[in-house]
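Structure file start.pdb with PDB, C-alpha atoms, pLDDT in the B column:
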```pdb
ATOM      1  CA  MET G   1     -27.845  14.910  22.093  1.00 52.00           C
ATOM      2  CA  TYR G   2     -26.522  11.592  20.849  1.00 69.00           C
ATOM      3  CA  VAL G   3     -27.131  10.403  17.298  1.00 86.00           C
ATOM      4  CA  TRP G   4     -29.631   7.667  18.227  1.00 88.00           C
ATOM      5  CA  LEU G   5     -31.575   7.630  14.937  1.00 89.00           C
ATOM      6  CA  ARG G   6     -28.365   7.259  12.951  1.00 91.00           C
ATOM      7  CA  PHE G   7     -27.222   4.558  15.355  1.00 88.00           C
ATOM      8  CA  ALA G   8     -30.548   2.721  14.880  1.00 91.00           C
ATOM      9  CA  ARG G   9     -30.251   2.950  11.084  1.00 91.00           C
ATOM     10  CA  MET G  10     -26.714   1.556  11.231  1.00 92.00           C
ATOM     11  CA  ALA G  11     -27.784  -1.299  13.522  1.00 91.00           C
ATOM     12  CA  ALA G  12     -30.791  -2.134  11.329  1.00 92.00           C
ATOM     13  CA  THR G  13     -28.625  -2.415   8.200  1.00 92.00           C
ATOM     14  CA  THR G  14     -25.726  -4.357   9.741  1.00 91.00           C
ATOM     15  CA  LYS G  15     -26.601  -7.743   8.221  1.00 90.00           C
ATOM     16  CA  SER G  16     -27.288  -6.349   4.757  1.00 91.00           C
ATOM     17  CA  ARG G  17     -23.809  -4.784   4.654  1.00 91.00           C
ATOM     18  CA  GLY G  18     -22.049  -8.080   5.414  1.00 92.00           C
ATOM     19  CA  SER G  19     -19.258  -8.979   7.781  1.00 92.00           C
ATOM     20  CA  TYR G  20     -16.200  -6.871   8.534  1.00 92.00           C
ATOM     21  CA  THR G  21     -12.635  -8.200   8.605  1.00 87.00           C
ATOM     22  CA  PRO G  22      -9.805  -6.195  10.223  1.00 84.00           C
ATOM     23  CA  GLY G  23      -7.862  -4.385   7.529  1.00 83.00           C
ATOM     24  CA  GLU G  24     -10.953  -3.635   5.436  1.00 91.00           C
ATOM     25  CA  GLU G  25     -12.820  -0.335   5.294  1.00 95.00           C
ATOM     26  CA  SER G  26     -16.405   0.205   6.389  1.00 94.00           C
ATOM     27  CA  SER G  27     -18.341   3.185   5.108  1.00 96.00           C
ATOM     28  CA  LEU G  28     -21.498   4.862   6.422  1.00 97.00           C
ATOM     29  CA  SER G  29     -23.243   7.716   4.584  1.00 96.00           C
ATOM     30  CA  PHE G  30     -24.656  10.785   6.312  1.00 97.00           C
ATOM     31  CA  ARG G  31     -25.994  14.256   5.585  1.00 96.00           C
ATOM     32  CA  CYS G  32     -25.166  17.280   7.747  1.00 96.00           C
ATOM     33  CA  LEU G  33     -28.478  18.186   9.405  1.00 95.00           C
ATOM     34  CA  PRO G  34     -29.562  21.320  11.313  1.00 95.00           C
ATOM     35  CA  THR G  35     -29.106  19.357  14.568  1.00 93.00           C
ATOM     36  CA  ASP G  36     -25.436  18.750  13.635  1.00 94.00           C
ATOM     37  CA  ILE G  37     -24.240  22.321  13.125  1.00 94.00           C
ATOM     38  CA  ASP G  38     -22.688  25.017  15.262  1.00 94.00           C
ATOM     39  CA  PHE G  39     -22.916  28.797  14.813  1.00 93.00           C
ATOM     40  CA  ASN G  40     -20.604  28.568  11.775  1.00 94.00           C
ATOM     41  CA  TRP G  41     -23.271  26.468  10.002  1.00 95.00           C
ATOM     42  CA  HIS G  42     -20.979  23.469   9.686  1.00 96.00           C
ATOM     43  CA  LEU G  43     -20.632  20.089  11.370  1.00 96.00           C
ATOM     44  CA  ASN G  44     -20.056  20.614  15.088  1.00 95.00           C
ATOM     45  CA  ASN G  45     -16.745  19.252  16.404  1.00 94.00           C
ATOM     46  CA  ALA G  46     -18.539  17.057  18.976  1.00 93.00           C
ATOM     47  CA  ARG G  47     -20.673  15.531  16.212  1.00 95.00           C
ATOM     48  CA  TYR G  48     -17.537  14.229  14.472  1.00 96.00           C
ATOM     49  CA  LEU G  49     -16.755  12.118  17.535  1.00 95.00           C
ATOM     50  CA  MET G  50     -20.338  10.895  17.865  1.00 95.00           C
ATOM     51  CA  LEU G  51     -20.412   9.804  14.222  1.00 97.00           C
ATOM     52  CA  ALA G  52     -16.998   8.158  14.664  1.00 97.00           C
ATOM     53  CA  ASP G  53     -18.651   6.215  17.526  1.00 95.00           C
ATOM     54  CA  VAL G  54     -21.329   4.996  15.127  1.00 96.00           C
ATOM     55  CA  GLY G  55     -18.625   3.911  12.672  1.00 96.00           C
ATOM     56  CA  ARG G  56     -16.690   2.117  15.407  1.00 95.00           C
ATOM     57  CA  ILE G  57     -19.771   0.315  16.730  1.00 94.00           C
ATOM     58  CA  ASP G  58     -20.579  -0.724  13.168  1.00 95.00           C
ATOM     59  CA  LEU G  59     -17.199  -2.506  13.126  1.00 94.00           C
ATOM     60  CA  PHE G  60     -18.042  -4.174  16.455  1.00 94.00           C
ATOM     61  CA  PHE G  61     -21.346  -5.522  15.119  1.00 94.00           C
ATOM     62  CA  ARG G  62     -20.107  -6.638  11.705  1.00 95.00           C
ATOM     63  CA  SER G  63     -16.889  -8.291  12.955  1.00 93.00           C
ATOM     64  CA  GLY G  64     -18.702 -10.294  15.637  1.00 94.00           C
ATOM     65  CA  LEU G  65     -16.908  -8.400  18.415  1.00 94.00           C
ATOM     66  CA  PHE G  66     -20.126  -7.125  19.984  1.00 94.00           C
ATOM     67  CA  ALA G  67     -21.512 -10.663  20.407  1.00 94.00           C
ATOM     68  CA  LEU G  68     -18.149 -11.905  21.734  1.00 96.00           C
ATOM     69  CA  MET G  69     -17.998  -9.076  24.276  1.00 95.00           C
ATOM     70  CA  ARG G  70     -21.513  -9.859  25.504  1.00 95.00           C
ATOM     71  CA  ARG G  71     -20.659 -13.562  25.924  1.00 95.00           C
ATOM     72  CA  ASN G  72     -17.451 -12.838  27.840  1.00 96.00           C
ATOM     73  CA  ASN G  73     -18.606  -9.806  29.849  1.00 95.00           C
ATOM     74  CA  TRP G  74     -16.047  -7.641  28.072  1.00 97.00           C
ATOM     75  CA  ALA G  75     -16.396  -3.944  27.332  1.00 96.00           C
ATOM     76  CA  PRO G  76     -14.862  -1.759  24.637  1.00 94.00           C
ATOM     77  CA  MET G  77     -12.889   1.112  26.168  1.00 94.00           C
ATOM     78  CA  LEU G  78     -11.760   4.123  24.194  1.00 93.00           C
ATOM     79  CA  GLY G  79      -8.368   5.256  25.446  1.00 91.00           C
ATOM     80  CA  GLY G  80      -7.817   8.398  23.439  1.00 91.00           C
ATOM     81  CA  VAL G  81      -8.734  10.291  20.334  1.00 95.00           C
ATOM     82  CA  GLN G  82      -7.109  12.864  18.089  1.00 94.00           C
ATOM     83  CA  THR G  83      -8.921  14.769  15.371  1.00 96.00           C
ATOM     84  CA  ALA G  84      -7.567  16.835  12.481  1.00 95.00           C
ATOM     85  CA  PHE G  85     -10.095  19.077  10.716  1.00 97.00           C
ATOM     86  CA  VAL G  86      -9.126  19.759   7.107  1.00 96.00           C
ATOM     87  CA  ARG G  87     -12.308  20.959   5.350  1.00 97.00           C
ATOM     88  CA  GLU G  88     -15.682  21.883   6.741  1.00 97.00           C
ATOM     89  CA  VAL G  89     -18.843  19.866   6.238  1.00 98.00           C
ATOM     90  CA  ARG G  90     -21.576  22.442   5.574  1.00 97.00           C
ATOM     91  CA  LEU G  91     -25.264  22.187   6.358  1.00 97.00           C
ATOM     92  CA  TRP G  92     -27.076  19.690   4.063  1.00 97.00           C
ATOM     93  CA  GLN G  93     -23.836  18.328   2.569  1.00 97.00           C
ATOM     94  CA  ARG G  94     -23.535  14.565   2.191  1.00 98.00           C
ATOM     95  CA  PHE G  95     -20.439  12.822   3.491  1.00 98.00           C
ATOM     96  CA  GLU G  96     -19.187   9.383   4.449  1.00 98.00           C
ATOM     97  CA  VAL G  97     -17.470   8.124   7.570  1.00 98.00           C
ATOM     98  CA  VAL G  98     -14.925   5.499   6.522  1.00 98.00           C
ATOM     99  CA  SER G  99     -13.842   3.438   9.532  1.00 97.00           C
ATOM    100  CA  THR G 100     -10.976   0.971   9.814  1.00 96.00           C
ATOM    101  CA  ILE G 101      -9.009  -1.023  12.335  1.00 94.00           C
ATOM    102  CA  GLU G 102      -5.508   0.018  11.379  1.00 94.00           C
ATOM    103  CA  THR G 103      -3.283  -2.085  13.625  1.00 93.00           C
ATOM    104  CA  TRP G 104      -2.817  -3.291  17.186  1.00 92.00           C
ATOM    105  CA  ASP G 105      -0.080  -3.898  19.713  1.00 90.00           C
ATOM    106  CA  GLY G 106      -0.597  -5.872  22.891  1.00 92.00           C
ATOM    107  CA  THR G 107      -3.912  -4.774  24.357  1.00 94.00           C
ATOM    108  CA  GLN G 108      -4.120  -1.565  22.317  1.00 92.00           C
ATOM    109  CA  VAL G 109      -5.911  -1.251  18.982  1.00 94.00           C
ATOM    110  CA  LEU G 110      -5.555   1.734  16.679  1.00 95.00           C
ATOM    111  CA  GLY G 111      -8.616   2.816  14.698  1.00 96.00           C
ATOM    112  CA  GLN G 112      -9.186   5.441  12.040  1.00 97.00           C
ATOM    113  CA  HIS G 113     -12.270   7.342  10.868  1.00 98.00           C
ATOM    114  CA  ARG G 114     -12.090   9.466   7.708  1.00 98.00           C
ATOM    115  CA  PHE G 115     -14.856  11.984   7.020  1.00 98.00           C
ATOM    116  CA  VAL G 116     -15.050  12.181   3.250  1.00 98.00           C
ATOM    117  CA  HIS G 117     -16.992  14.576   1.003  1.00 98.00           C
ATOM    118  CA  GLU G 118     -18.858  13.249  -2.044  1.00 96.00           C
ATOM    119  CA  ASN G 119     -16.028  14.509  -4.276  1.00 97.00           C
ATOM    120  CA  GLY G 120     -13.508  12.362  -2.357  1.00 97.00           C
ATOM    121  CA  GLU G 121     -11.895  15.178  -0.351  1.00 97.00           C
ATOM    122  CA  VAL G 122     -11.152  14.354   3.271  1.00 98.00           C
ATOM    123  CA  ALA G 123     -12.893  16.748   5.656  1.00 98.00           C
ATOM    124  CA  ALA G 124     -11.468  15.313   8.883  1.00 98.00           C
ATOM    125  CA  LEU G 125      -9.384  12.453  10.186  1.00 97.00           C
ATOM    126  CA  VAL G 126      -9.953  10.870  13.593  1.00 97.00           C
ATOM    127  CA  LEU G 127      -7.455   8.452  15.149  1.00 96.00           C
ATOM    128  CA  THR G 128      -8.418   6.416  18.199  1.00 96.00           C
ATOM    129  CA  THR G 129      -6.690   4.101  20.582  1.00 94.00           C
ATOM    130  CA  ALA G 130      -8.824   1.581  22.433  1.00 94.00           C
ATOM    131  CA  GLY G 131      -8.928  -1.807  24.066  1.00 95.00           C
ATOM    132  CA  VAL G 132     -11.252  -4.584  25.155  1.00 97.00           C
ATOM    133  CA  TYR G 133     -11.669  -4.732  28.928  1.00 97.00           C
ATOM    134  CA  ASP G 134     -12.392  -8.009  30.741  1.00 96.00           C
ATOM    135  CA  ARG G 135     -14.599  -6.922  33.637  1.00 94.00           C
ATOM    136  CA  ALA G 136     -14.291 -10.192  35.571  1.00 94.00           C
ATOM    137  CA  GLY G 137     -10.520 -10.405  35.127  1.00 94.00           C
ATOM    138  CA  ARG G 138     -10.076  -6.633  35.652  1.00 95.00           C
ATOM    139  CA  ARG G 139      -7.613  -6.432  32.787  1.00 96.00           C
ATOM    140  CA  PHE G 140      -7.412  -5.543  29.125  1.00 96.00           C
ATOM    141  CA  VAL G 141      -7.473  -8.512  26.768  1.00 97.00           C
ATOM    142  CA  PRO G 142      -4.546  -8.883  24.323  1.00 96.00           C
ATOM    143  CA  MET G 143      -5.852  -8.031  20.854  1.00 93.00           C
ATOM    144  CA  GLY G 144      -4.293 -11.177  19.399  1.00 91.00           C
ATOM    145  CA  ASP G 145      -6.510 -13.232  21.729  1.00 94.00           C
ATOM    146  CA  VAL G 146      -9.603 -11.210  20.763  1.00 95.00           C
ATOM    147  CA  LEU G 147      -8.946 -11.709  17.055  1.00 92.00           C
ATOM    148  CA  ARG G 148      -8.309 -15.437  17.484  1.00 92.00           C
ATOM    149  CA  GLU G 149     -11.624 -15.811  19.320  1.00 93.00           C
ATOM    150  CA  LEU G 150     -13.280 -14.030  16.406  1.00 92.00           C
ATOM    151  CA  GLY G 151     -11.680 -16.509  14.006  1.00 91.00           C
ATOM    152  CA  TYR G 152      -9.279 -14.061  12.365  1.00 89.00           C
ATOM    153  CA  ASP G 153      -5.713 -15.034  11.599  1.00 85.00           C
ATOM    154  CA  ALA G 154      -4.566 -11.468  11.042  1.00 81.00           C
ATOM    155  CA  VAL G 155      -1.089 -10.126  11.751  1.00 86.00           C
ATOM    156  CA  ALA G 156      -0.668  -6.556  12.960  1.00 90.00           C
ATOM    157  CA  ARG G 157       1.283  -4.278  10.655  1.00 91.00           C
ATOM    158  CA  ALA G 158       3.883  -1.916  12.056  1.00 93.00           C
ATOM    159  CA  PRO G 159       2.386   1.503  12.869  1.00 92.00           C
ATOM    160  CA  SER G 160       3.223   4.381  10.534  1.00 93.00           C
ATOM    161  CA  GLU G 161       5.302   7.313  11.780  1.00 94.00           C
ATOM    162  CA  ALA G 162       2.140   9.420  12.221  1.00 91.00           C
ATOM    163  CA  GLU G 163       0.494   6.608  14.199  1.00 91.00           C
ATOM    164  CA  LYS G 164       3.575   6.225  16.407  1.00 90.00           C
ATOM    165  CA  LYS G 165       3.500   9.965  17.129  1.00 91.00           C
ATOM    166  CA  PHE G 166      -0.202   9.774  18.003  1.00 91.00           C
ATOM    167  CA  MET G 167       0.374   6.860  20.390  1.00 89.00           C
ATOM    168  CA  THR G 168       3.359   8.628  21.998  1.00 90.00           C
ATOM    169  CA  SER G 169       1.361  11.843  22.364  1.00 90.00           C
ATOM    170  CA  HIS G 170      -1.548   9.909  23.847  1.00 87.00           C
ATOM    171  CA  ALA G 171       0.732   8.145  26.350  1.00 87.00           C
ATOM    172  CA  GLY G 172       2.162  11.512  27.423  1.00 89.00           C
ATOM    173  CA  LEU G 173      -1.271  13.068  27.861  1.00 90.00           C
ATOM    174  CA  ARG G 174      -2.484  10.025  29.785  1.00 87.00           C
ATOM    175  CA  SER G 175       0.521  10.297  32.103  1.00 90.00           C
ATOM    176  CA  LEU G 176      -0.267  13.974  32.667  1.00 89.00           C
ATOM    177  CA  ALA G 177      -3.934  13.173  33.400  1.00 87.00           C
ATOM    178  CA  ARG G 178      -2.908  10.599  36.006  1.00 87.00           C
ATOM    179  CA  GLN G 179      -1.176  13.332  37.971  1.00 87.00           C
ATOM    180  CA  TYR G 180      -4.657  14.643  38.824  1.00 83.00           C
ATOM    181  CA  ILE G 181      -5.791  11.384  40.436  1.00 79.00           C
ATOM    182  CA  GLY G 182      -6.603  11.990  44.081  1.00 68.00           C
ATOM    183  CA  GLN G 183      -6.257  15.746  43.698  1.00 71.00           C
ATOM    184  CA  SER G 184      -8.900  18.422  43.645  1.00 62.00           C
ATOM    185  CA  GLY G 185      -8.277  19.028  39.947  1.00 58.00           C
ATOM    186  CA  VAL G 186      -5.564  21.610  40.473  1.00 58.00           C
ATOM    187  CA  MET G 187      -2.176  20.274  39.522  1.00 53.00           C
ATOM    188  CA  ASN G 188       1.084  21.486  40.958  1.00 54.00           C
ATOM    189  CA  ALA G 189       2.683  23.510  38.149  1.00 49.00           C
ATOM    190  CA  SER G 190       6.123  22.090  38.909  1.00 49.00           C
ATOM    191  CA  LYS G 191       4.859  18.561  38.196  1.00 52.00           C
ATOM    192  CA  SER G 192       3.754  19.487  34.700  1.00 49.00           C
ATOM    193  CA  LEU G 193       7.114  20.831  33.540  1.00 45.00           C
TER     194      LEU G 193
END
```

As structure tokens, what does this structure read like?
Amino acid sequence: MYVWLRFARMAATTKSRGSYTPGEESSLSFRCLPTDIDFNWHLNNARYLMLADVGRIDLFFRSGLFALMRRNNWAPMLGGVQTAFVREVRLWQRFEVVSTIETWDGTQVLGQHRFVHENGEVAALVLTTAGVYDRAGRRFVPMGDVLRELGYDAVARAPSEAEKKFMTSHAGLRSLARQYIGQSGVMNASKSL
């Protein structure tokens, strides 16, 4: 089940939290509810990604990207995600999801979502790679063009070593996934080596 009530709360408070500029952090507060847990009584791994979605969409709304995408018939497309779980979030614990746009290169944007306990400890880190797809043009839009249309004069920073490794790993996994295209889902073992 998706986190619709949390999404609605985020959307309803967008204006009161002000605009978002790439490079800043955006924070949303949550509590781990009985609908969020697995049999270990902690935040379910799928729920991390759903709450990261809420954080990402918050950035879309507050930066003006959502309105721009609607005007231009563009769509946000998540390309890949990697999650590192460091500490558990137990039932009833409060935590924050801190979301950022870290950097971009060409049509690819790198995002980050930190799940942070009240005491400041990081519970999990989610890295994402995504893009903005132009449905009419059937292409991804260069992020520099997107940012200019939003009125931002931001310059991408060089990715960190960890970010480079994530993007390389993602590219390798994407290449492997493409080997399944047109197949029944069973890949020739020799192709994967």

Once the PyMOL selection byres ((chain G and resi 146) around 12) is applied to the coordinates I shared, what remains selected? I want it as an NGL selection string. :G and (22 or 60 or 63-69 or 72 or 74-76 or 104 or 106-109 or 131-134 or 140-145 or 147-154)

Show which residues sit within 8 Å of Leu78 in chain G, as number ranges by chain. Count all atoms listed in the file, and ignore same-chain residues fewer than 4 positions away. G: 128-131

For range 36-61 of chain G versus range 80-91 of chain G, which residues have an atom no more than 12 Å away, and what is each residue's nearest atom pair and distance in Å rounded to one decimal, using only C-alpha atoms, chain-then-number order, as a tab-separated table?
```
residue	atom	partner	partner_atom	distance
G:Asp36	CA	G:Leu91	CA	8.0
G:Ile37	CA	G:Leu91	CA	6.8
G:Asp38	CA	G:Leu91	CA	9.7
G:Phe39	CA	G:Leu91	CA	11.0
G:Asn40	CA	G:Arg90	CA	8.8
G:Trp41	CA	G:Leu91	CA	6.0
G:His42	CA	G:Arg90	CA	4.3
G:Leu43	CA	G:Val89	CA	5.4
G:Asn44	CA	G:Val89	CA	9.0
G:Asn45	CA	G:Phe85	CA	8.8
G:Ala46	CA	G:Thr83	CA	10.5
G:Arg47	CA	G:Val89	CA	11.0
G:Tyr48	CA	G:Thr83	CA	8.7
G:Leu49	CA	G:Thr83	CA	8.5
G:Met50	CA	G:Val81	CA	11.9
G:Ala52	CA	G:Val81	CA	10.2
G:Asp53	CA	G:Val81	CA	11.1
```

Please compute the CA of Ala158 in chain G-CA of Tyr20 in chain G distance, one decimal, in Å.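 Going from CA of Ala158 in chain G over to CA of Tyr20 in chain G, I get 21.0 Å.
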
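Restricting the calculation to all atoms listed in the file, the smallest distance between His117 in chain G and any of G:Ser160, G:Gln179, G:Gln93, G:Ser16 is found for G:Gln93.
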
Please report the interatomic distance between CA of Glu25 in chain G and CA of Val97 in chain G in Å with one decimal.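 Value for the CA of Glu25 in chain G-CA of Val97 in chain G distance: 9.9 Å.
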
If we count all atoms listed in the file, what is near Met10 in chain G at a cut-off of 8 Å, once residues fewer than 3 positions away on the same chain are taken out, given as a PyMOL selection string? chain G and resi 6-7+13-14+28+54+58

When you count all atoms listed in the file, which of these residues is closest to Glu102 in chain G: G:Gly23, G:Arg56, G:Leu33, G:Ala171?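 Nearest candidate to Glu102 in chain G out of G:Gly23, G:Arg56, G:Leu33, G:Ala171: G:Gly23.
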
Long-range neighbours of Ser29 in chain G as a PDB file with C-alpha atoms, in the frame of the given file, 9 Å cut-off, only C-alpha atoms, 4 positions minimum in chain:
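Dumped to around_39.pdb:
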```
ATOM      1  CA  ARG G  94     -23.535  14.565   2.191  1.00 98.00           C
ATOM      2  CA  PHE G  95     -20.439  12.822   3.491  1.00 98.00           C
ATOM      3  CA  GLU G  96     -19.187   9.383   4.449  1.00 98.00           C
ATOM      4  CA  VAL G  97     -17.470   8.124   7.570  1.00 98.00           C
ATOM      5  CA  VAL G  98     -14.925   5.499   6.522  1.00 98.00           C
TER       6      VAL G  98
END
```

Measure the distance from CA of Leu59 in chain G to CA of Phe115 in chain G in Å and round it to one decimal. 15.9 Å

What are the centre and edge lengths in Å, to one decimal, of the axis-aligned box around all listed atoms of range 49-52 of chain G with 3 Å added on each side, as lines of an AutoDock Vina configuration file?
```
center_x = -18.6
center_y = 10.1
center_z = 16.0
size_x = 9.7
size_y = 10.0
size_z = 9.6
```

Nearest candidate to His113 in chain G (options G:Pro159, G:Pro34, G:Gly18, G:Gly55; using only C-alpha atoms):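 For His113 in chain G, the nearest of the given residues is G:Gly55.
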
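For the choices G:Gly79, G:Arg62, G:Arg138, G:Arg114, the atom-to-atom distance to Phe166 in chain G is smallest for G:Gly79 when using all atoms listed in the file.
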